[in-house]
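Student: Quick one: the structure is below, questions incoming.
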Amino acid sequence: MVEAIRVPDIVPLEHILPDEPLLMMGAGPVPIPPAVAAANSIVINHLGDTMNQVIAQVKEMGRYVFQTRSSHVMGVGGPGSAAMEMAIANLVHPGDKVLCICNGYFSKRMAEMVSRVRGEPTLLHIDNNESASVEQVQRALAKGGYAAITLVQGETSNTVCNHNLGSIARMAHEHGALVIVDAVCTLSTMALDMDAWQVDAVITGGQKGLSSIPGVSLLAFSEHAWAKKIATRSHQPFHWCLDAQLADQFWNQKSYHYTAPVSGILALHEALRLVCAETLPRRFARHQQCSQALQAGIEALGLDLLVPKQHRLNSVIGIVTPAHVSSDVVRAHMSRVHKVEISGAFGLNILRIGQMGEQSRAHNLFRTLHAFGSSMQAGGASLDLPAGMAELERSLSRHASAQPASSS
C-alpha cells in the first residue's frame, strides 16, 4: 500500500503538559480528589451486575444531592450543556411557549436550545448584573400561556446568583409552567431543594461543584414532568442520544442505550460518595466560608468585585480588572510563575476565581490569593498584597473559631 498521507510528527503528552500540575482555580474544571482520579482509570463492562450496582448507587446518591425522591435521575455522556439540552429537548415540545430568564451567557444558551427544538422562547432580560426578582417573573408569567420556564441558579459568566429560585419555581408551577434549572456550577455548593421548590429538571456537570471529571453529567426530572411531557408524548424528540425514554432503558431498566462512559460514571460515583460522606449542610457551610473569606481578601487587596453582595454568586467570584491592567497578562503570569490557573470572562473586563468542590480548601485559597495579587502587581496594578493575605487569614480564623468543637 502506498500511503498518500505521511505519518504525522507527534509530540508526546509528557512534553506538552507542564512539569508541575497547575492548580485549577478557574470556573471549571476543578481539582479532583484521589479517589475520583483512581476510579476514572478503571474500565469495566458497561452492562452487567457490577455496572448495575454502580448505577443504583449513583442514582441513590444523586437523589440526595438533588434533594428529590424522583425515580428519574440519570447521567449523560457529555458536558453540562448536553444535560441542559437533554432536559429541554424532552420537556419542550414544538410550539411550546417558554419564558427564558436571562441574566448571563448560559441562560441565553438555554433560550437558544428552546428555539432549536422548535419551542417559542420569550426572553426576560435581567440587566445590571442582578438576580431575577419574584416580581419581575410574576409580571412576565401573568401574560399567560407558558409551558415552561428556564433559568440558571448561578451564572458563571458574570457571577450572578438567582437567589429567589425557590420562590420563582413555586410561582411558575402555580401558573402551570414546568421549571428547568441549570445548576452546573452550584449543585452541592449551595442549597437547591428540587422537590420542596417544585423544580422539574435540574442539570449539573461533573467538573464543578461535584469535583468529578468533565464529560459526564447528571440530571433529574421530576415525576410530574416525566408524566406530563415524556411518558405520554406523541412525538419523538429531535435527539436520539438525548432521548430520555431511551436513556431510561439504561438508567432504570438495566438495558442498552449506548455504550456508557463507564470510567466517567465510576468517577462520578466516587465524587458523589464524597459529597454524601461530607453531608450537604457541611459542604454548603465550607463553600460559603471559603468563598466569603476569599472575597474579603480580594477586596482588602484594593480590588472591586463585579456583582453587589445581594446578587453575588459564591461559587465563582468575579473581580473587576483595573482599566490599565491586561487580564490575559495576569492569567499568563499566574500560570507560568505560580502554576495557578484562573478564568477570564465572556467579553467582560473581569477575572474569575472558582470556589467549587476541591477548590474550597484553605490551602488553595492562600496559594491562589498570593499568586493573584503578585500577578496583578506584575501586570501593573497597585494593591496591598499583605493586607489581602492578612484579611483572608482573619476571615478563615473567624469562621474556624465559630465552629462548634468536635466530640472526641
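We label chains A, B, ... in the order they appear in the C-alpha cells, count residues from 1 in each chain, and number ligands from 1 in the order shown.
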Report as a PyMOL selection string all protein, DNA and RNA residues lying within 9 Å of Ser167 in chain A, evaluated on only C-alpha atoms, omitting residues in the same chain fewer than 5 positions from it.
Tutor: chain A and resi 134+172+197
Student: Which residues are near range 379-385 of chain A? Cut-off 9 Å, only C-alpha atoms, ignore same chain within fewer than 6 positions. Put them as a VMD selection string.
Tutor: chain A and resid 300 to 303 321 to 322 324 to 327 329 to 330 333 369 to 370 373
Student: Using only C-alpha atoms, find the one residue out of A:Trp226, A:Tyr256, A:Phe221, A:Tyr105 that sits nearest to Leu47 in chain A.
Tutor: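 Closest to Leu47 in chain A of all the choices is A:Tyr256.
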Student: Which one is closest to Arg361 in chain A: A:Ser335, A:Thr232, A:Gln289, A:Ser115? Count only C-alpha atoms.
Tutor: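 Among the listed residues, the smallest separation from Arg361 in chain A belongs to A:Gln289.
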Student: Using only C-alpha atoms, which residues sit within 9 Å of range 228-230 of chain A once same-chain residues fewer than 5 positions away are excluded, as a PyMOL selection string?
Tutor: chain A and resi 90-93+223+244-245
Student: Kindly export the residues of the current selection with C-alpha atoms, as a compact mmCIF listing (two decimals), in the first residue's frame.
Tutor:
# COMPACT_ATOMS: atom_id res chain seq x y z
CA ASN A 90 -37.58 16.25 26.35
CA LEU A 91 -39.65 18.83 28.22
CA VAL A 92 -40.17 21.44 25.48
CA HIS A 93 -42.33 20.30 22.58
CA GLU A 223 -42.18 12.70 38.45
CA ALA A 244 -34.92 10.47 27.98
CA GLN A 245 -37.07 7.42 27.25
Student: Find the residue from A:Ile298, A:Asp9, A:Asn164, A:Ala191 that sits nearest to Pro281 in chain A; use only C-alpha atoms when measuring.
Tutor: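 Comparing A:Ile298, A:Asp9, A:Asn164, A:Ala191 against Pro281 in chain A, the winner is A:Ala191.
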